[in-house]
Amino acid sequence: MRLEKAYSGGTERIRLEDGRTIEVTLPPAMVSGQRIRLRNQGIGDGDLYLKITVSPHPFFRLEMSDICCELPLTPSAAVLGGDVEVPTLDGRVKMKLPAGVPSGKRLRLANKGYPTGNGDRGDQLVEIIVAIPKEISDEERELYEKLRQLESLKPRQDFSV
């Protein structure tokens, strides 16, 4: 099952081993390993149990009730900060990036995570990944060269080796 479907729940059509097709109303906030009992849907009017397996998502990763993701930024966006749109399971939200945010920093979107059993929600943790271009235009190269001459940051200045 896709993460979005596990998160929101809803109606799903399922084909059983005996050839029958049934329509099932799935609850929201399902997790892998969870079992759902369907009364009188099994063999001889017994109960049928569905075991939920949530497929890995290409962007989101679940860590308990927190949803984690990586957000790629250009070097200029990381240096300057500002508003950026971040995908969540509820849709895109605006997040304010602090100026000078380093690669690897995790920022928190409160209550944008996965629902817990007690009605609360986890957080969405957004890990910043500063993307470095492999190929740049001549104009970009010129600007980067100019920036290199103006930079005040000297990260290797205190090397004692």
# chains A, B, ... in the order shown; residues from 1 in each chain; ligands from 1
call {"tool": "select_by_dssp", "arguments": {"residues": "chain A", "states": "strand (DSSP E)", "output": "PyMOL selection string"}}
result
chain A and resi 10-15+21-26+35-38+48-51+61-63+66-73+82-88+91-97+106-109+124-130
call {"tool": "residues_around", "arguments": {"residues": "stretch 76-84 of chain A", "least_positions_apart": "4", "cutoff": "7 Å", "atoms": "only C-alpha atoms", "output": "list in words"}}
result
Lys94, Met95, Lys96, Leu97, Pro98, Ala99, Gly100, Val101, Pro102 and Val130 of chain A
call {"tool": "write_last_selection", "arguments": {"atoms": "N, CA and C atoms", "output": "PDB file, in the first residue's frame"}}
result
ATOM      1  N   LYS A  94       4.670  26.382   3.140  1.00  0.00           N
ATOM      2  CA  LYS A  94       5.818  27.281   3.095  1.00  0.00           C
ATOM      3  C   LYS A  94       6.595  27.143   4.397  1.00  0.00           C
ATOM      4  N   MET A  95       7.907  27.073   4.253  1.00  0.00           N
ATOM      5  CA  MET A  95       8.789  27.003   5.408  1.00  0.00           C
ATOM      6  C   MET A  95       9.820  28.110   5.272  1.00  0.00           C
ATOM      7  N   LYS A  96      10.118  28.772   6.377  1.00  0.00           N
ATOM      8  CA  LYS A  96      11.110  29.847   6.378  1.00  0.00           C
ATOM      9  C   LYS A  96      12.484  29.248   6.648  1.00  0.00           C
ATOM     10  N   LEU A  97      13.377  29.414   5.682  1.00  0.00           N
ATOM     11  CA  LEU A  97      14.752  28.949   5.848  1.00  0.00           C
ATOM     12  C   LEU A  97      15.569  30.039   6.504  1.00  0.00           C
ATOM     13  N   PRO A  98      16.339  29.705   7.534  1.00  0.00           N
ATOM     14  CA  PRO A  98      17.238  30.716   8.091  1.00  0.00           C
ATOM     15  C   PRO A  98      18.407  30.953   7.127  1.00  0.00           C
ATOM     16  N   ALA A  99      18.911  32.143   7.088  1.00  0.00           N
ATOM     17  CA  ALA A  99      20.079  32.439   6.248  1.00  0.00           C
ATOM     18  C   ALA A  99      21.264  31.638   6.767  1.00  0.00           C
ATOM     19  N   GLY A 100      22.055  31.107   5.852  1.00  0.00           N
ATOM     20  CA  GLY A 100      23.251  30.353   6.235  1.00  0.00           C
ATOM     21  C   GLY A 100      22.959  28.944   6.714  1.00  0.00           C
ATOM     22  N   VAL A 101      21.847  28.360   6.299  1.00  0.00           N
ATOM     23  CA  VAL A 101      21.505  27.002   6.746  1.00  0.00           C
ATOM     24  C   VAL A 101      22.491  26.005   6.123  1.00  0.00           C
ATOM     25  N   PRO A 102      23.143  25.175   6.952  1.00  0.00           N
ATOM     26  CA  PRO A 102      24.135  24.248   6.403  1.00  0.00           C
ATOM     27  C   PRO A 102      23.512  22.950   5.893  1.00  0.00           C
ATOM     28  N   VAL A 130      22.466  20.752   0.423  1.00  0.00           N
ATOM     29  CA  VAL A 130      22.905  21.797  -0.497  1.00  0.00           C
ATOM     30  C   VAL A 130      23.434  21.103  -1.751  1.00  0.00           C
TER      31      VAL A 130
END
call {"tool": "atom_distance", "arguments": {"atom1": "atom CA of A:Gly46", "atom2": "atom CA of A:Arg20"}}
result
14.7 Å
call {"tool": "residues_around", "arguments": {"residues": "A:Lys51", "least_positions_apart": "3", "cutoff": "9 Å", "atoms": "only C-alpha atoms", "output": "number ranges by chain"}}
result
A: 32-36
call {"tool": "write_last_selection", "arguments": {"atoms": "N, CA and C atoms", "output": "compact mmCIF listing (two decimals), in the first residue's frame"}}
result
# COMPACT_ATOMS: atom_id res chain seq x y z
N SER A 32 2.75 -0.42 8.71
CA SER A 32 3.12 -1.78 8.35
C SER A 32 3.01 -2.69 9.56
N GLY A 33 2.48 -3.89 9.31
CA GLY A 33 2.30 -4.86 10.39
C GLY A 33 0.94 -4.80 11.04
N GLN A 34 0.22 -3.72 10.85
CA GLN A 34 -1.12 -3.57 11.43
C GLN A 34 -2.06 -4.58 10.78
N ARG A 35 -2.98 -5.12 11.57
CA ARG A 35 -3.98 -6.05 11.04
C ARG A 35 -5.36 -5.42 11.15
N ILE A 36 -6.15 -5.65 10.12
CA ILE A 36 -7.52 -5.14 10.10
C ILE A 36 -8.45 -6.34 9.99
call {"tool": "atom_distance", "arguments": {"atom1": "atom CA of A:Gly19", "atom2": "atom CA of A:Asp45"}}
result
15.5 Å
call {"tool": "atom_distance", "arguments": {"atom1": "atom CA of A:Ala29", "atom2": "atom CA of A:Thr116"}}
result
7.6 Å
call {"tool": "closest_residue", "arguments": {"among": "A:Pro72, A:Arg13, A:Ser8, A:Asp47", "to": "A:Val31", "atoms": "only C-alpha atoms"}}
result
A:Ser8
call {"tool": "closest_residue", "arguments": {"among": "A:Val93, A:Met30, A:Ala110, A:Ile43", "to": "A:Glu4", "atoms": "only C-alpha atoms"}}
result
A:Met30
call {"tool": "closest_residue", "arguments": {"among": "A:Leu62, A:Ile67, A:Leu50, A:Leu3", "to": "A:Leu16", "atoms": "only C-alpha atoms"}}
result
A:Leu50
call {"tool": "select_by_dssp", "arguments": {"residues": "stretch 101-150 of chain A", "states": "alpha helix (DSSP H)", "output": "list in words"}}
result
Asp138, Glu139, Glu140, Arg141, Glu142, Leu143, Tyr144, Glu145, Lys146, Leu147, Arg148, Gln149 and Leu150 of chain A
call {"tool": "closest_residue", "arguments": {"among": "A:Pro75, A:Leu89, A:Tyr49, A:Ile22", "to": "A:Lys5", "atoms": "only C-alpha atoms"}}
result
A:Leu89
